[in-house]
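Read the structure below first, then the notes.
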Amino acid sequence: MLLNGERDTIAAIGTPLGESGIGIVRISGPLAEKVAARLFRPKKRTARLRSHQLYYGEIVDPENGKALDEVFLTLMRKPKTYTREDVLEINCHGGYLVLRRVLEGVLGQGVRLAQPGEFTKRAFLNGRIDLSQAEAVIDVIRAKTAKSLKMAHEQLRGNLSHEIEELRAKVVRSLAHVEALIDFPDEDIEVDEDMIGMNLVECERRVKGLIDSYEEGRIYRDGVSVSIVGKTNVGKSSLLNVLLQENRAIVTPIPGTTRDVIEEIVNIHDIPIRLVDTAGMRRASNPIEREGVRLAKGKVAEADMVMLVIDGSRRLDRYDWEIIDEVREKKKVVVLNKRDLPIKVSGEQIQGALPNTRAVEISALKSEGIGKLKECLYSMLTRDGIGPDTGEVVVVNARHKKALEGSLQCLRRAQEGVEGRVPFELVALELRSCLDDLGEVGGETTAEEVLECIFNEFCIGK
Ligand SMILES: Nc1nc2c(ncn2[C@@H]2O[C@H](COP(=O)(O)OP(=O)(O)OP(=O)(O)O)[C@@H](O)[C@H]2O)c(=O)[nH]1
Ligand SMILES: [Mg+2]
């Protein structure tokens with residue numbers, strides 16, 4: 001039984017299992033130093049290991065004193081460590097067996113195997129980082145583009161935590177004023193209701209700004225899926241290949257070439273875009289192709305956006321029209337392909353069929369107009385003036401957005417309360433629940449089950 005909130009000692013392999021230059025076994029908790037004393041033989045004899053210093057030596061089997069591996073070892077005494085507990089890191093050779101043996105040696109010392117994300121969870125529980133920063137750790141690990149990495153680093157550094165702290169402080173001030181009015185209704189206290197109102201309007205504006213940044217933040221972090229759809233033989237697979245700059249999909253002059261769904265990722269200005277090439281839509285007699293068409297329709301429904309490819313060298317026919325109807329409600333761009341041939345479909349015709357839709361003329365065969373198409377996609381996926389380069393705090397996490405939406409509702413009701421002079425007790429109630437919602441972001445008010453879910457997403461050893 002552990003007393004006074006003291007936690008047990010955990011260990012895990014912190015590097016991927018496989019062959020690598022080095023592999024790290026990481027230990028956190030009160031037994032870290034004892035593990036070092038039992039298993040580590042420094043090359044140069046030392047009375048006591050100094051904190052945060054690298055030592056060269058061997059890890060030995062405590063049963064028989066035989067060397068398990070030649071290592072570098074660092075003991076980091078609390079509190080200046082990742083978890084705010086004593087931490088031991090053993091840099092071994094990066095082989096599966098060697099790492100397992102060292103880990104087993106450690107586990108034999110009263111240490112238990114860490115759960116996924118447990119090191120980071122301890123950093124959170126011990127108050128070194130808040131929950132939004134802990135979530136940023138996993139975003140750093142998973143970042144696929146320079147911008148998503150930058151956003152994750154900013155969140156890890158605490159830019160969102162800081163903004164939320166400021167908002168909470170403002171709401172607390174308003175709440176104190178409202179409570180003063182409740183407690184001393186008849187006294188002439190210096191509380192101005194207009195000032196409370198103004199303060200709440202300011203909070204509302206800032207919370208709304210954070211919520212609005214989510215759409216774009218999410219795109220940089222999670223990417224978007226863009227389905228390439230159109231009739232057979234219009235050049236969908238050719239477009240996929242030219243965007244990927246490789247011959248990924250089979251291209252032939254035979255209509256109905258693509259039957260399966262082909263997905264590949266391409267980065268456009270740091271947005272990871274999952275391109276989905278699909279079977280050309282037509283009434284197919286072949287059951288394989290029919291299945292392809294069914295899958296293609298499903299991909300239209302799933303996609304964040306579609307690229308409707310039309311063969312610009314042929315007049316629109318009923319199949320084109322059917323697909324135009326299919327994508328009418330989707331976010332889309334029309335790609336008029338084969339502009340190297342005499343053009344039979346005009347931009348005006350597209351405008352007539354799909355008002356307010358941008359059309360870009362390209363030749364997938366000659367790789368012309370591709371830059372313009374990429375710019376068009378980029379501008380449709382992003383909004384002007386916002387984004388990770390403006391220094392603005394960007395929300396990338398759906399959980400944060402949900403909590404902020406909750407707090408916005410409370411702020412609005414509180415605001416209406418102040419204006420409409422409803423009883424101040426109700427205003428105070430709304431402000432308290434606004435504080436709870438804001439507290440969800442940093443984890444102050446987050447339920448244990450939610451914490452479990454968040455840390456379960458981590459890998460073991462982080
Ligand atoms: N002239 C010209 N031909 C093109 C262009 N793009 C594609 N093609 C040709 O059009 C034919 C069909 O191209 P694909 O890319 O296979 O067309 P698709 O839309 O994927 O066809 P399905 O998979 O059958 O639905 C091939 O012969 C291509 O070489 C272009 O820009 N100009
Ligand atoms: Mg194809």
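Just so we're on the same page: first chain in the structure tokens is A, next is B, and so on; residues restart at 1 for each chain, and ligands are numbered from 1 in the order they show up.
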
**Asked** Which protein, DNA or RNA residues have an atom within 7 Å of ligand 1, counting only C-alpha atoms and all ligand atoms, as a PyMOL selection string?
**Response** chain A and resi 230-239+250-259+279-281+337-341+362-366

Dump of C-alpha atoms for the selected residues, as a PDB file, in the first residue's frame:
ATOM      1  CA  GLY A 230     -16.398  11.775 -62.248  1.00  0.00           C
ATOM      2  CA  LYS A 231     -17.511   9.699 -65.173  1.00  0.00           C
ATOM      3  CA  THR A 232     -15.264   6.946 -66.579  1.00  0.00           C
ATOM      4  CA  ASN A 233     -12.242   7.913 -68.650  1.00  0.00           C
ATOM      5  CA  VAL A 234     -12.220  11.606 -67.752  1.00  0.00           C
ATOM      6  CA  GLY A 235      -8.706  11.348 -66.227  1.00  0.00           C
ATOM      7  CA  LYS A 236      -9.311  10.847 -62.485  1.00  0.00           C
ATOM      8  CA  SER A 237      -6.469   8.375 -62.062  1.00  0.00           C
ATOM      9  CA  SER A 238      -4.235  10.544 -64.256  1.00  0.00           C
ATOM     10  CA  LEU A 239      -4.986  13.452 -61.897  1.00  0.00           C
ATOM     11  CA  ILE A 250      -3.382   2.365 -63.582  1.00  0.00           C
ATOM     12  CA  VAL A 251      -4.323   4.659 -66.452  1.00  0.00           C
ATOM     13  CA  THR A 252      -5.663   3.279 -69.738  1.00  0.00           C
ATOM     14  CA  PRO A 253      -7.920   4.563 -72.520  1.00  0.00           C
ATOM     15  CA  ILE A 254     -10.446   1.868 -71.584  1.00  0.00           C
ATOM     16  CA  PRO A 255     -13.436   3.254 -69.652  1.00  0.00           C
ATOM     17  CA  GLY A 256     -13.879   1.478 -66.339  1.00  0.00           C
ATOM     18  CA  THR A 257     -10.154   1.001 -65.611  1.00  0.00           C
ATOM     19  CA  THR A 258     -10.301   1.831 -61.909  1.00  0.00           C
ATOM     20  CA  ARG A 259     -12.550  -0.470 -59.907  1.00  0.00           C
ATOM     21  CA  ALA A 279     -14.187   4.106 -60.117  1.00  0.00           C
ATOM     22  CA  GLY A 280     -15.754   6.223 -62.851  1.00  0.00           C
ATOM     23  CA  MET A 281     -19.476   6.500 -62.306  1.00  0.00           C
ATOM     24  CA  ASN A 337      -9.411  18.073 -67.696  1.00  0.00           C
ATOM     25  CA  LYS A 338      -7.822  17.506 -71.110  1.00  0.00           C
ATOM     26  CA  ARG A 339      -7.372  21.178 -71.902  1.00  0.00           C
ATOM     27  CA  ASP A 340      -4.613  20.130 -74.332  1.00  0.00           C
ATOM     28  CA  LEU A 341      -7.465  19.045 -76.636  1.00  0.00           C
ATOM     29  CA  ILE A 362      -5.963  21.404 -66.388  1.00  0.00           C
ATOM     30  CA  SER A 363      -4.258  18.787 -68.485  1.00  0.00           C
ATOM     31  CA  ALA A 364      -3.341  15.820 -66.333  1.00  0.00           C
ATOM     32  CA  LEU A 365      -1.560  14.323 -69.323  1.00  0.00           C
ATOM     33  CA  LYS A 366       0.703  17.345 -69.845  1.00  0.00           C
TER      34      LYS A 366
END

Could you list, as a PDB file with N, CA and C atoms, in the first residue's frame, every residue within 12 Å of Met198 in chain A, counting only C-alpha atoms and ignoring same-chain residues fewer than 3 positions away?
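Result file part_13.pdb:
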ATOM      1  N   LYS A 170     -10.743  36.183 -15.851  1.00  0.00           N
ATOM      2  CA  LYS A 170     -11.739  37.218 -16.151  1.00  0.00           C
ATOM      3  C   LYS A 170     -13.121  36.793 -15.657  1.00  0.00           C
ATOM      4  N   VAL A 171     -13.460  35.525 -15.897  1.00  0.00           N
ATOM      5  CA  VAL A 171     -14.783  35.040 -15.472  1.00  0.00           C
ATOM      6  C   VAL A 171     -14.859  35.043 -13.937  1.00  0.00           C
ATOM      7  N   SER A 174     -15.646  38.499 -12.821  1.00  0.00           N
ATOM      8  CA  SER A 174     -17.066  38.833 -13.020  1.00  0.00           C
ATOM      9  C   SER A 174     -17.926  38.143 -11.970  1.00  0.00           C
ATOM     10  N   ASP A 192     -20.177  47.890 -11.036  1.00  0.00           N
ATOM     11  CA  ASP A 192     -20.885  48.462 -12.154  1.00  0.00           C
ATOM     12  C   ASP A 192     -21.380  47.315 -13.040  1.00  0.00           C
ATOM     13  N   GLU A 193     -22.693  47.235 -13.231  1.00  0.00           N
ATOM     14  CA  GLU A 193     -23.221  46.123 -14.030  1.00  0.00           C
ATOM     15  C   GLU A 193     -22.757  46.194 -15.484  1.00  0.00           C
ATOM     16  N   ASP A 194     -22.590  47.439 -15.962  1.00  0.00           N
ATOM     17  CA  ASP A 194     -22.109  47.576 -17.353  1.00  0.00           C
ATOM     18  C   ASP A 194     -20.723  46.975 -17.488  1.00  0.00           C
ATOM     19  N   MET A 195     -19.920  47.174 -16.442  1.00  0.00           N
ATOM     20  CA  MET A 195     -18.553  46.659 -16.506  1.00  0.00           C
ATOM     21  C   MET A 195     -18.563  45.122 -16.542  1.00  0.00           C
ATOM     22  N   VAL A 201     -18.675  40.237 -22.527  1.00  0.00           N
ATOM     23  CA  VAL A 201     -18.646  40.353 -23.992  1.00  0.00           C
ATOM     24  C   VAL A 201     -17.235  40.056 -24.501  1.00  0.00           C
ATOM     25  N   GLU A 202     -16.255  40.592 -23.792  1.00  0.00           N
ATOM     26  CA  GLU A 202     -14.855  40.363 -24.172  1.00  0.00           C
ATOM     27  C   GLU A 202     -14.508  38.857 -24.099  1.00  0.00           C
ATOM     28  N   CYS A 203     -14.953  38.211 -23.024  1.00  0.00           N
ATOM     29  CA  CYS A 203     -14.700  36.758 -22.886  1.00  0.00           C
ATOM     30  C   CYS A 203     -15.361  36.003 -24.031  1.00  0.00           C
ATOM     31  N   GLU A 204     -16.599  36.408 -24.320  1.00  0.00           N
ATOM     32  CA  GLU A 204     -17.352  35.738 -25.382  1.00  0.00           C
ATOM     33  C   GLU A 204     -16.600  35.837 -26.702  1.00  0.00           C
ATOM     34  N   ARG A 205     -16.081  37.034 -26.977  1.00  0.00           N
ATOM     35  CA  ARG A 205     -15.364  37.254 -28.238  1.00  0.00           C
ATOM     36  C   ARG A 205     -14.133  36.332 -28.321  1.00  0.00           C
ATOM     37  N   LEU A 411     -21.653  31.765 -21.153  1.00  0.00           N
ATOM     38  CA  LEU A 411     -21.335  33.201 -21.182  1.00  0.00           C
ATOM     39  C   LEU A 411     -22.489  33.993 -21.791  1.00  0.00           C
ATOM     40  N   ALA A 414     -25.310  34.179 -19.351  1.00  0.00           N
ATOM     41  CA  ALA A 414     -24.966  35.094 -18.255  1.00  0.00           C
ATOM     42  C   ALA A 414     -25.100  36.539 -18.724  1.00  0.00           C
ATOM     43  N   GLN A 415     -24.622  36.761 -19.932  1.00  0.00           N
ATOM     44  CA  GLN A 415     -24.657  38.084 -20.544  1.00  0.00           C
ATOM     45  C   GLN A 415     -26.100  38.573 -20.689  1.00  0.00           C
ATOM     46  N   GLU A 416     -26.965  37.678 -21.204  1.00  0.00           N
ATOM     47  CA  GLU A 416     -28.386  38.030 -21.337  1.00  0.00           C
ATOM     48  C   GLU A 416     -28.962  38.316 -19.960  1.00  0.00           C
ATOM     49  N   VAL A 418     -27.396  39.539 -17.333  1.00  0.00           N
ATOM     50  CA  VAL A 418     -26.967  40.864 -16.858  1.00  0.00           C
ATOM     51  C   VAL A 418     -27.783  41.948 -17.564  1.00  0.00           C
ATOM     52  N   GLU A 419     -27.973  41.781 -18.865  1.00  0.00           N
ATOM     53  CA  GLU A 419     -28.714  42.798 -19.633  1.00  0.00           C
ATOM     54  C   GLU A 419     -30.187  42.840 -19.255  1.00  0.00           C
TER      55      GLU A 419
END

**Request:** Figure out the distance between CA of Ser132 in chain A and CA of Arg221 in chain A, please, to one decimal in Å.
**Result:**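 Spanning CA of Arg221 in chain A to CA of Ser132 in chain A is a straight-line distance of 14.6 Å.
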
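For the residues A:Gly117, A:Gly127, A:Pro42, A:Pro342, ranking by smallest atom-to-atom distance to Arg314 in chain A using only C-alpha atoms places A:Pro342 first.
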
Determine, counting only C-alpha atoms, which protein, DNA and RNA residues have an atom within 12 Å of an atom of Glu375 in chain A; residues of the same chain fewer than 3 positions away are not included. Present the result as a PDB file with N, CA and C atoms, in the first residue's frame.
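Printed below is selection-v8.pdb as written:
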ATOM      1  N   ILE A 268      -0.278  19.555 -49.294  1.00  0.00           N
ATOM      2  CA  ILE A 268      -0.359  20.807 -50.046  1.00  0.00           C
ATOM      3  C   ILE A 268      -0.240  21.929 -49.032  1.00  0.00           C
ATOM      4  N   HIS A 269       0.823  22.715 -49.149  1.00  0.00           N
ATOM      5  CA  HIS A 269       1.127  23.773 -48.166  1.00  0.00           C
ATOM      6  C   HIS A 269       0.927  23.262 -46.744  1.00  0.00           C
ATOM      7  N   ILE A 271      -0.856  20.957 -45.534  1.00  0.00           N
ATOM      8  CA  ILE A 271      -2.106  20.279 -45.155  1.00  0.00           C
ATOM      9  C   ILE A 271      -2.019  18.844 -45.679  1.00  0.00           C
ATOM     10  N   VAL A 333     -14.646  21.351 -56.022  1.00  0.00           N
ATOM     11  CA  VAL A 333     -14.068  22.128 -57.100  1.00  0.00           C
ATOM     12  C   VAL A 333     -14.232  21.284 -58.360  1.00  0.00           C
ATOM     13  N   ARG A 358     -16.009  26.842 -58.120  1.00  0.00           N
ATOM     14  CA  ARG A 358     -14.834  27.193 -58.921  1.00  0.00           C
ATOM     15  C   ARG A 358     -14.480  26.057 -59.859  1.00  0.00           C
ATOM     16  N   VAL A 360     -11.388  24.729 -62.511  1.00  0.00           N
ATOM     17  CA  VAL A 360      -9.995  24.924 -62.898  1.00  0.00           C
ATOM     18  C   VAL A 360      -9.716  24.049 -64.113  1.00  0.00           C
ATOM     19  N   GLY A 369      -1.612  23.322 -65.302  1.00  0.00           N
ATOM     20  CA  GLY A 369      -2.691  23.860 -64.451  1.00  0.00           C
ATOM     21  C   GLY A 369      -2.724  23.211 -63.072  1.00  0.00           C
ATOM     22  N   ILE A 370      -1.743  22.375 -62.758  1.00  0.00           N
ATOM     23  CA  ILE A 370      -1.777  21.639 -61.489  1.00  0.00           C
ATOM     24  C   ILE A 370      -1.496  22.574 -60.306  1.00  0.00           C
ATOM     25  N   GLY A 371      -0.554  23.520 -60.513  1.00  0.00           N
ATOM     26  CA  GLY A 371      -0.239  24.498 -59.463  1.00  0.00           C
ATOM     27  C   GLY A 371      -1.490  25.290 -59.098  1.00  0.00           C
ATOM     28  N   LYS A 372      -2.233  25.711 -60.125  1.00  0.00           N
ATOM     29  CA  LYS A 372      -3.439  26.508 -59.894  1.00  0.00           C
ATOM     30  C   LYS A 372      -4.493  25.678 -59.147  1.00  0.00           C
ATOM     31  N   TYR A 378      -6.175  24.649 -51.669  1.00  0.00           N
ATOM     32  CA  TYR A 378      -5.657  25.231 -50.425  1.00  0.00           C
ATOM     33  C   TYR A 378      -6.559  26.368 -49.949  1.00  0.00           C
ATOM     34  N   SER A 379      -6.936  27.257 -50.891  1.00  0.00           N
ATOM     35  CA  SER A 379      -7.723  28.402 -50.441  1.00  0.00           C
ATOM     36  C   SER A 379      -9.131  27.984 -50.025  1.00  0.00           C
ATOM     37  N   MET A 380      -9.629  26.876 -50.615  1.00  0.00           N
ATOM     38  CA  MET A 380     -10.956  26.426 -50.189  1.00  0.00           C
ATOM     39  C   MET A 380     -10.924  25.754 -48.821  1.00  0.00           C
ATOM     40  N   LEU A 381      -9.762  25.226 -48.455  1.00  0.00           N
ATOM     41  CA  LEU A 381      -9.669  24.510 -47.178  1.00  0.00           C
ATOM     42  C   LEU A 381      -9.272  25.415 -46.024  1.00  0.00           C
ATOM     43  N   THR A 382      -8.796  26.604 -46.347  1.00  0.00           N
ATOM     44  CA  THR A 382      -8.332  27.496 -45.281  1.00  0.00           C
ATOM     45  C   THR A 382      -9.086  28.816 -45.365  1.00  0.00           C
TER      46      THR A 382
END

**Asked** What lies within 9 Å of Lys43 in chain A using only C-alpha atoms, ignoring chain neighbours under 6 positions off, as a list in words?
**Response** Tyr55, Tyr56, Gly57 and Glu58 of chain A

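Nearest residue to Glu165 in chain A, choosing from A:Leu451, A:Leu438, A:Val111, A:Leu39 and counting only C-alpha atoms: A:Leu438.
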
**Request:** Give me, please, the distance in Å between CA of Phe72 in chain A and CA of Phe458 in chain A, quoted to one decimal.
**Result:** 25.9 Å

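The gap separating CA of Ala134 in chain A from CA of Glu448 in chain A is 14.9 Å, in Å to one decimal.
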
**Sel. of alpha helix (DSSP H) residues, range 276-307 of chain A, as a VMD selection string** = chain A and resid 287 to 302

Export of prior selection with C-alpha atoms as a short mmCIF file (atom, residue, chain, number, x, y, z; two decimals), in the first residue's frame:
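Contents of the output file out_10.cif:
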data_model
loop_
_atom_site.label_atom_id
_atom_site.label_comp_id
_atom_site.auth_asym_id
_atom_site.auth_seq_id
_atom_site.Cartn_x
_atom_site.Cartn_y
_atom_site.Cartn_z
CA PRO A 287 -20.51 -6.75 -61.25
CA ILE A 288 -16.91 -5.82 -60.27
CA GLU A 289 -17.27 -2.38 -61.78
CA ARG A 290 -20.75 -2.00 -60.25
CA GLU A 291 -19.22 -2.62 -56.83
CA GLY A 292 -16.56 0.00 -57.63
CA VAL A 293 -19.27 2.53 -58.44
CA ARG A 294 -21.04 1.73 -55.17
CA LEU A 295 -17.80 2.30 -53.24
CA ALA A 296 -17.20 5.53 -55.15
CA LYS A 297 -20.59 6.88 -54.06
CA GLY A 298 -19.75 6.01 -50.46
CA LYS A 299 -16.48 7.90 -50.77
CA VAL A 300 -18.31 11.00 -51.97
CA ALA A 301 -20.43 10.91 -48.85
CA GLU A 302 -17.41 10.45 -46.54
#

**strand (DSSP E or B) positions in range 25-80 of chain A, given as an NGL selection string** = :A and (25-28 or 40-42 or 53-60 or 67-76)

Take the residues from that selection and put them in a file with N, CA and C atoms, as a PDB file, in the first residue's frame.
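Now in part-v3.pdb:
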ATOM      1  N   VAL A  25      15.213   2.253 -22.027  1.00  0.00           N
ATOM      2  CA  VAL A  25      14.295   1.785 -20.995  1.00  0.00           C
ATOM      3  C   VAL A  25      14.154   2.927 -20.012  1.00  0.00           C
ATOM      4  N   ARG A  26      12.901   3.253 -19.718  1.00  0.00           N
ATOM      5  CA  ARG A  26      12.621   4.415 -18.911  1.00  0.00           C
ATOM      6  C   ARG A  26      11.920   3.984 -17.633  1.00  0.00           C
ATOM      7  N   ILE A  27      12.312   4.581 -16.523  1.00  0.00           N
ATOM      8  CA  ILE A  27      11.748   4.207 -15.229  1.00  0.00           C
ATOM      9  C   ILE A  27      11.360   5.489 -14.502  1.00  0.00           C
ATOM     10  N   SER A  28      10.195   5.475 -13.846  1.00  0.00           N
ATOM     11  CA  SER A  28       9.801   6.664 -13.087  1.00  0.00           C
ATOM     12  C   SER A  28       9.167   6.242 -11.774  1.00  0.00           C
ATOM     13  N   PHE A  40      23.154  -1.370 -12.132  1.00  0.00           N
ATOM     14  CA  PHE A  40      24.140  -0.642 -12.937  1.00  0.00           C
ATOM     15  C   PHE A  40      25.538  -0.737 -12.331  1.00  0.00           C
ATOM     16  N   ARG A  41      26.506  -1.105 -13.180  1.00  0.00           N
ATOM     17  CA  ARG A  41      27.912  -1.093 -12.765  1.00  0.00           C
ATOM     18  C   ARG A  41      28.611  -0.023 -13.580  1.00  0.00           C
ATOM     19  N   PRO A  42      28.868   1.142 -12.975  1.00  0.00           N
ATOM     20  CA  PRO A  42      29.551   2.184 -13.755  1.00  0.00           C
ATOM     21  C   PRO A  42      30.999   1.780 -14.049  1.00  0.00           C
ATOM     22  N   GLN A  53      23.171  13.375 -15.009  1.00  0.00           N
ATOM     23  CA  GLN A  53      24.496  13.173 -15.597  1.00  0.00           C
ATOM     24  C   GLN A  53      24.551  11.809 -16.272  1.00  0.00           C
ATOM     25  N   LEU A  54      25.259  11.787 -17.419  1.00  0.00           N
ATOM     26  CA  LEU A  54      25.324  10.540 -18.178  1.00  0.00           C
ATOM     27  C   LEU A  54      26.485   9.691 -17.669  1.00  0.00           C
ATOM     28  N   TYR A  55      26.197   8.420 -17.343  1.00  0.00           N
ATOM     29  CA  TYR A  55      27.245   7.496 -16.889  1.00  0.00           C
ATOM     30  C   TYR A  55      27.377   6.342 -17.860  1.00  0.00           C
ATOM     31  N   TYR A  56      28.621   5.928 -18.066  1.00  0.00           N
ATOM     32  CA  TYR A  56      28.894   4.799 -18.941  1.00  0.00           C
ATOM     33  C   TYR A  56      29.127   3.557 -18.082  1.00  0.00           C
ATOM     34  N   GLY A  57      28.579   2.422 -18.489  1.00  0.00           N
ATOM     35  CA  GLY A  57      28.806   1.214 -17.695  1.00  0.00           C
ATOM     36  C   GLY A  57      28.034   0.031 -18.235  1.00  0.00           C
ATOM     37  N   GLU A  58      27.670  -0.868 -17.333  1.00  0.00           N
ATOM     38  CA  GLU A  58      26.942  -2.077 -17.752  1.00  0.00           C
ATOM     39  C   GLU A  58      25.699  -2.284 -16.884  1.00  0.00           C
ATOM     40  N   ILE A  59      24.688  -2.867 -17.521  1.00  0.00           N
ATOM     41  CA  ILE A  59      23.542  -3.348 -16.746  1.00  0.00           C
ATOM     42  C   ILE A  59      23.818  -4.835 -16.500  1.00  0.00           C
ATOM     43  N   VAL A  60      23.700  -5.231 -15.240  1.00  0.00           N
ATOM     44  CA  VAL A  60      23.999  -6.632 -14.932  1.00  0.00           C
ATOM     45  C   VAL A  60      22.772  -7.345 -14.386  1.00  0.00           C
ATOM     46  N   ALA A  67      26.814  -9.455 -17.240  1.00  0.00           N
ATOM     47  CA  ALA A  67      26.410  -8.237 -17.957  1.00  0.00           C
ATOM     48  C   ALA A  67      25.288  -8.542 -18.946  1.00  0.00           C
ATOM     49  N   LEU A  68      24.246  -7.686 -18.924  1.00  0.00           N
ATOM     50  CA  LEU A  68      23.155  -7.835 -19.892  1.00  0.00           C
ATOM     51  C   LEU A  68      23.397  -6.948 -21.111  1.00  0.00           C
ATOM     52  N   ASP A  69      23.980  -5.757 -20.877  1.00  0.00           N
ATOM     53  CA  ASP A  69      24.294  -4.862 -22.003  1.00  0.00           C
ATOM     54  C   ASP A  69      25.211  -3.743 -21.527  1.00  0.00           C
ATOM     55  N   GLU A  70      25.881  -3.163 -22.499  1.00  0.00           N
ATOM     56  CA  GLU A  70      26.743  -2.010 -22.253  1.00  0.00           C
ATOM     57  C   GLU A  70      25.857  -0.782 -22.482  1.00  0.00           C
ATOM     58  N   VAL A  71      25.830   0.129 -21.527  1.00  0.00           N
ATOM     59  CA  VAL A  71      24.801   1.191 -21.603  1.00  0.00           C
ATOM     60  C   VAL A  71      25.338   2.572 -21.199  1.00  0.00           C
ATOM     61  N   PHE A  72      24.541   3.568 -21.508  1.00  0.00           N
ATOM     62  CA  PHE A  72      24.664   4.887 -20.879  1.00  0.00           C
ATOM     63  C   PHE A  72      23.453   5.030 -19.977  1.00  0.00           C
ATOM     64  N   LEU A  73      23.678   5.538 -18.805  1.00  0.00           N
ATOM     65  CA  LEU A  73      22.563   5.649 -17.860  1.00  0.00           C
ATOM     66  C   LEU A  73      22.502   7.061 -17.282  1.00  0.00           C
ATOM     67  N   THR A  74      21.269   7.552 -17.102  1.00  0.00           N
ATOM     68  CA  THR A  74      21.073   8.863 -16.479  1.00  0.00           C
ATOM     69  C   THR A  74      20.033   8.744 -15.372  1.00  0.00           C
ATOM     70  N   LEU A  75      20.409   9.200 -14.206  1.00  0.00           N
ATOM     71  CA  LEU A  75      19.424   9.290 -13.124  1.00  0.00           C
ATOM     72  C   LEU A  75      19.039  10.762 -12.995  1.00  0.00           C
ATOM     73  N   MET A  76      17.741  11.021 -13.023  1.00  0.00           N
ATOM     74  CA  MET A  76      17.280  12.407 -12.858  1.00  0.00           C
ATOM     75  C   MET A  76      16.415  12.458 -11.608  1.00  0.00           C
TER      76      MET A  76
END

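Each of A:Ile228, A:His153, A:Leu49, A:Gly65 was compared to ligand 2 using only C-alpha atoms and all ligand atoms, and A:Ile228 turns out to be the nearest.
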
**Prompt:** Which residue, A:Asp320, A:Glu457, A:Asp260, A:Asp304, has the smallest gap to ligand 2 when you use only C-alpha atoms and all ligand atoms?
**Reply:**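 Checking each candidate against ligand 2, we get A:Asp260 as the closest.
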
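Taking only C-alpha atoms, the non-local environment of Leu113 in chain A within 10 Å (same-chain residues fewer than 3 positions away omitted) comprises Thr9, Ile10, Ala11, Ala12, Ile13, Ile27, Leu103, Glu104, Val106, Leu107, Pro116, Glu118, Ile460 and Gly461 of chain A.
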
**Item:** Distance query Glu444 in chain A at most 9 Å, only C-alpha atoms, self and fewer than 5 positions along chain excluded, as a count of residues only
**Value:** 5

**Prompt:** Got a sec: who's within 9 Å of Glu405 in chain A, counting only C-alpha atoms, leaving out chain neighbours fewer than 4 positions off, as a list in words?
**Reply:**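 The contact residues come out as Val207, Lys208, Ile211, His400, Lys401, Gln409, Cys410 and Asp437 of chain A.
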
Go ahead and save the picked residues with C-alpha atoms, as a PDB file, in the first residue's frame.
ATOM      1  CA  VAL A 207     -13.913  32.068 -26.703  1.00  0.00           C
ATOM      2  CA  LYS A 208     -15.648  32.451 -30.063  1.00  0.00           C
ATOM      3  CA  ILE A 211     -13.858  27.946 -31.486  1.00  0.00           C
ATOM      4  CA  HIS A 400     -11.299  21.413 -26.416  1.00  0.00           C
ATOM      5  CA  LYS A 401     -13.743  22.773 -28.957  1.00  0.00           C
ATOM      6  CA  GLN A 409     -23.354  29.059 -24.143  1.00  0.00           C
ATOM      7  CA  CYS A 410     -22.964  29.861 -20.448  1.00  0.00           C
ATOM      8  CA  ASP A 437     -16.318  24.063 -18.966  1.00  0.00           C
TER       9      ASP A 437
END

**Request:** Tell me which of A:Glu452, A:Glu440, A:Glu348, A:Asp277 sits closest to ligand 2, counting only C-alpha atoms and all ligand atoms.
**Result:**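 Smallest separation from ligand 2 among the options: A:Asp277.
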